[in-house]
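Enquirer: Can you keep this structure in mind? I'll have questions shortly.
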Amino acid sequence: MPVIGADELRHKTAGLFCSLGVPPEDAAHVAELLVEANLCGHDSHGVIRIPQYARFIRQGQIQPGSTLEVTVDCPAVAVVDGRMNLGAVTMLRVLDMARHRADRAGAYTIFVRNCHHVGRLGAYTSRAARAGYASMMAVNSPGSRCVAPWGGIDRRLGTNPLSLAVPAPEFPLVLDMTTSVVAEGKIRVHYHEGRPLPEGWIIDAEGNPTTDARAFYAQPPGALLPLGGHVGYKGFGLALLLDIFCGVLSGMGCLRPDLTAGQNGVWLTLFRLGAWVSRPFFLEEVQKLCDWIRSSRRQGGVAEILLPGEWEARTMRERLRHGIYIPEETWRQILAVASEVGYSW
């Protein structure tokens, strides 16, 4: 079970993607975001995705090097076709475009279609926050059925994540959540490590609760449950509406069986601080709110109250010092990809 430093892992990952035909600059972007996810503690969106991306590249579902196409260009809204480039490459370019347009208009929204798997949404909203924008981002996955509807058994929705982030005095406040109990990648990490799942994450193909990750990947497969436990209708409703906002308004389409896995429809909105609310006032109000939240009495056994994004910031500092742990199965799959393309890890 290797532990690898972030710089080495980033360099080697970029080299592997170059060997898969990805232009060097784009390969560096993908490697940066994958390793950043590991550093933040979200291994579900880190280098565990290398075999998946490699498979999609070889199958032609990902088109490395393709350029963006702006298909709708309005004063407040644009629609961009990612043309099935790697999602990280597409979204970093879209984020840059949104920033420039929000600088002029104060706020700007971009919908993206034909965008491959974007990875961790917080990677983009946190970048926006550090640059002085409040942001909201959501995606649907019209070809990735893995979540059962409220009261249902069969896979009918994607995990349809949502992220909101704002600048704050200490670190950006970043909410990054799926509308299912967890992301599919969290199940994959447990599966690779041979660990049981927490109760309430999935059901098997017959609708029975289970903690066996193998049931999720079996044939017939199990399904993730909507966020919310006994009030999971809230997560289900949010997932359903986000599928419509991200899928229909982008032109990507809502979830349906004729689309392949890995495609995302994206909704990104940026608000520039200073356009109508001054940055000092915004930061002062955010700090007052954070102080008020932290002043709450704590329940038994709770050492402190953490804010959204705080755990990730601490985990990053820890992993930058001590390296990133890679599960044996993840490592085996990465080395297999490298061997197939003749890349020396």
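Here's how to read the names in the structure tokens: chain A, B, ... by the order shown, residue numbers from 1 in each chain, ligand numbers from 1 in the order shown.
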Excluding A:His322 and any residue of its chain fewer than 4 positions from it, enumerate the residues within 10 Å of it, using only C-alpha atoms, and give them as a PyMOL selection string.
Expert: chain A and resi 3-6+316-318
Enquirer: Residues of stretch 172-210 of chain A in alpha helix (DSSP H) according to DSSP, as number ranges by chain?
Expert: A: 184-193
Enquirer: Could you turn the residues from that selection into a file that holds C-alpha atoms, as an mmCIF file, in the first residue's frame?
Expert:
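Contents of result-v4.cif, as written:
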```cif
data_model
loop_
_atom_site.group_PDB
_atom_site.id
_atom_site.type_symbol
_atom_site.label_atom_id
_atom_site.label_comp_id
_atom_site.auth_asym_id
_atom_site.auth_seq_id
_atom_site.Cartn_x
_atom_site.Cartn_y
_atom_site.Cartn_z
ATOM 1 C CA GLU A 184 -20.316 6.501 -6.022
ATOM 2 C CA GLY A 185 -16.573 6.857 -5.680
ATOM 3 C CA LYS A 186 -16.845 6.509 -1.890
ATOM 4 C CA ILE A 187 -18.286 3.030 -2.448
ATOM 5 C CA ARG A 188 -15.452 2.309 -4.875
ATOM 6 C CA VAL A 189 -12.855 3.254 -2.249
ATOM 7 C CA HIS A 190 -14.443 0.878 0.290
ATOM 8 C CA TYR A 191 -14.608 -1.814 -2.394
ATOM 9 C CA HIS A 192 -10.910 -1.416 -3.202
ATOM 10 C CA GLU A 193 -9.993 -1.501 0.487
#
```
Enquirer: Please identify all polymer residues within 10 Å of A:Thr210, counting only C-alpha atoms, omitting same-chain residues fewer than 3 positions from it, and present them as a list in words.
Expert: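 Those residues are Pro196, Leu197, Pro198, Glu199, Gly200, Trp201, Ile202, Ile203, Asp204, Gly207, Ala213, Arg214, Ala215, Phe216 and Gly222 of chain A.
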Enquirer: Suppose we keep N, CA, C and O atoms; can you now write the selection as a PDB file, in the first residue's frame?
Expert:
```pdb
ATOM      1  N   PRO A 196     -16.406  -2.905   4.826  1.00  0.00           N
ATOM      2  CA  PRO A 196     -17.870  -2.801   4.727  1.00  0.00           C
ATOM      3  C   PRO A 196     -18.291  -1.341   4.661  1.00  0.00           C
ATOM      4  O   PRO A 196     -17.611  -0.450   5.175  1.00  0.00           O
ATOM      5  N   LEU A 197     -19.433  -1.113   4.033  1.00  0.00           N
ATOM      6  CA  LEU A 197     -19.989   0.233   3.954  1.00  0.00           C
ATOM      7  C   LEU A 197     -20.734   0.570   5.233  1.00  0.00           C
ATOM      8  O   LEU A 197     -21.255  -0.316   5.911  1.00  0.00           O
ATOM      9  N   PRO A 198     -20.843   1.846   5.579  1.00  0.00           N
ATOM     10  CA  PRO A 198     -21.744   2.233   6.673  1.00  0.00           C
ATOM     11  C   PRO A 198     -23.185   1.887   6.317  1.00  0.00           C
ATOM     12  O   PRO A 198     -23.559   1.862   5.132  1.00  0.00           O
ATOM     13  N   GLU A 199     -23.974   1.629   7.308  1.00  0.00           N
ATOM     14  CA  GLU A 199     -25.388   1.341   7.069  1.00  0.00           C
ATOM     15  C   GLU A 199     -26.091   2.562   6.479  1.00  0.00           C
ATOM     16  O   GLU A 199     -25.772   3.700   6.817  1.00  0.00           O
ATOM     17  N   GLY A 200     -27.032   2.300   5.595  1.00  0.00           N
ATOM     18  CA  GLY A 200     -27.827   3.382   5.025  1.00  0.00           C
ATOM     19  C   GLY A 200     -27.292   3.974   3.739  1.00  0.00           C
ATOM     20  O   GLY A 200     -27.878   4.930   3.220  1.00  0.00           O
ATOM     21  N   TRP A 201     -26.194   3.408   3.209  1.00  0.00           N
ATOM     22  CA  TRP A 201     -25.645   3.933   1.966  1.00  0.00           C
ATOM     23  C   TRP A 201     -26.334   3.337   0.743  1.00  0.00           C
ATOM     24  O   TRP A 201     -26.691   4.064  -0.173  1.00  0.00           O
ATOM     25  N   ILE A 202     -26.464   2.002   0.722  1.00  0.00           N
ATOM     26  CA  ILE A 202     -26.965   1.348  -0.491  1.00  0.00           C
ATOM     27  C   ILE A 202     -28.005   0.289  -0.156  1.00  0.00           C
ATOM     28  O   ILE A 202     -28.145  -0.139   0.996  1.00  0.00           O
ATOM     29  N   ILE A 203     -28.706  -0.127  -1.211  1.00  0.00           N
ATOM     30  CA  ILE A 203     -29.562  -1.308  -1.160  1.00  0.00           C
ATOM     31  C   ILE A 203     -29.090  -2.268  -2.248  1.00  0.00           C
ATOM     32  O   ILE A 203     -28.449  -1.856  -3.228  1.00  0.00           O
ATOM     33  N   ASP A 204     -29.398  -3.558  -2.080  1.00  0.00           N
ATOM     34  CA  ASP A 204     -29.031  -4.519  -3.113  1.00  0.00           C
ATOM     35  C   ASP A 204     -30.095  -4.547  -4.209  1.00  0.00           C
ATOM     36  O   ASP A 204     -31.049  -3.760  -4.196  1.00  0.00           O
ATOM     37  N   GLY A 207     -33.650  -4.527  -3.180  1.00  0.00           N
ATOM     38  CA  GLY A 207     -34.118  -3.436  -2.335  1.00  0.00           C
ATOM     39  C   GLY A 207     -33.803  -3.610  -0.870  1.00  0.00           C
ATOM     40  O   GLY A 207     -34.305  -2.840  -0.033  1.00  0.00           O
ATOM     41  N   ALA A 213     -20.168  -3.705  -0.280  1.00  0.00           N
ATOM     42  CA  ALA A 213     -19.952  -2.892  -1.479  1.00  0.00           C
ATOM     43  C   ALA A 213     -20.079  -3.711  -2.754  1.00  0.00           C
ATOM     44  O   ALA A 213     -20.423  -3.169  -3.813  1.00  0.00           O
ATOM     45  N   ARG A 214     -19.817  -5.014  -2.673  1.00  0.00           N
ATOM     46  CA  ARG A 214     -19.914  -5.851  -3.871  1.00  0.00           C
ATOM     47  C   ARG A 214     -21.331  -5.867  -4.431  1.00  0.00           C
ATOM     48  O   ARG A 214     -21.531  -6.017  -5.640  1.00  0.00           O
ATOM     49  N   ALA A 215     -22.331  -5.691  -3.568  1.00  0.00           N
ATOM     50  CA  ALA A 215     -23.724  -5.707  -4.025  1.00  0.00           C
ATOM     51  C   ALA A 215     -24.016  -4.556  -4.964  1.00  0.00           C
ATOM     52  O   ALA A 215     -24.862  -4.669  -5.858  1.00  0.00           O
ATOM     53  N   PHE A 216     -23.309  -3.450  -4.787  1.00  0.00           N
ATOM     54  CA  PHE A 216     -23.540  -2.285  -5.640  1.00  0.00           C
ATOM     55  C   PHE A 216     -23.072  -2.547  -7.064  1.00  0.00           C
ATOM     56  O   PHE A 216     -23.681  -2.070  -8.030  1.00  0.00           O
ATOM     57  N   GLY A 222     -26.938  -3.180  -7.206  1.00  0.00           N
ATOM     58  CA  GLY A 222     -27.667  -2.449  -6.187  1.00  0.00           C
ATOM     59  C   GLY A 222     -27.748  -0.979  -6.547  1.00  0.00           C
ATOM     60  O   GLY A 222     -27.414  -0.575  -7.669  1.00  0.00           O
TER      61      GLY A 222
END
```
Enquirer: Which residue, A:Val182, A:Ala37, A:Ala107, A:Ile153, has the smallest gap to A:Ala76 when you use only C-alpha atoms?
Expert: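 Ranked by minimum distance to A:Ala76, first place goes to A:Ala107.
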Enquirer: I want to know what sits within 10 Å of A:Gly274, based on only C-alpha atoms, with residues of the same chain fewer than 3 positions away left out; could you give that as a PyMOL selection string?
Expert: chain A and resi 103+106+132-133+271+277-282
Enquirer: Could you write those residues out with C-alpha atoms, as a PDB file, in the first residue's frame?
Expert:
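Final file, result15.pdb:
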```pdb
ATOM      1  CA  ASP A 103     -16.014  40.859 -13.909  1.00  0.00           C
ATOM      2  CA  GLY A 106     -21.218  41.352 -11.797  1.00  0.00           C
ATOM      3  CA  GLY A 132     -12.979  36.725  -4.958  1.00  0.00           C
ATOM      4  CA  TYR A 133     -16.211  35.233  -6.268  1.00  0.00           C
ATOM      5  CA  PHE A 271     -21.005  36.427  -8.394  1.00  0.00           C
ATOM      6  CA  VAL A 277     -21.615  44.245  -2.000  1.00  0.00           C
ATOM      7  CA  SER A 278     -18.149  45.372  -0.935  1.00  0.00           C
ATOM      8  CA  ARG A 279     -15.586  42.649  -0.272  1.00  0.00           C
ATOM      9  CA  PRO A 280     -14.692  43.988   3.230  1.00  0.00           C
ATOM     10  CA  PHE A 281     -18.365  43.988   4.254  1.00  0.00           C
ATOM     11  CA  PHE A 282     -18.861  40.484   2.866  1.00  0.00           C
TER      12      PHE A 282
END
```
Enquirer: One decimal, in Å: what's the spacing between atom CA of A:His230 and atom CA of A:Val181?
Expert: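 Distance reported for this atom pair: 11.6 Å.
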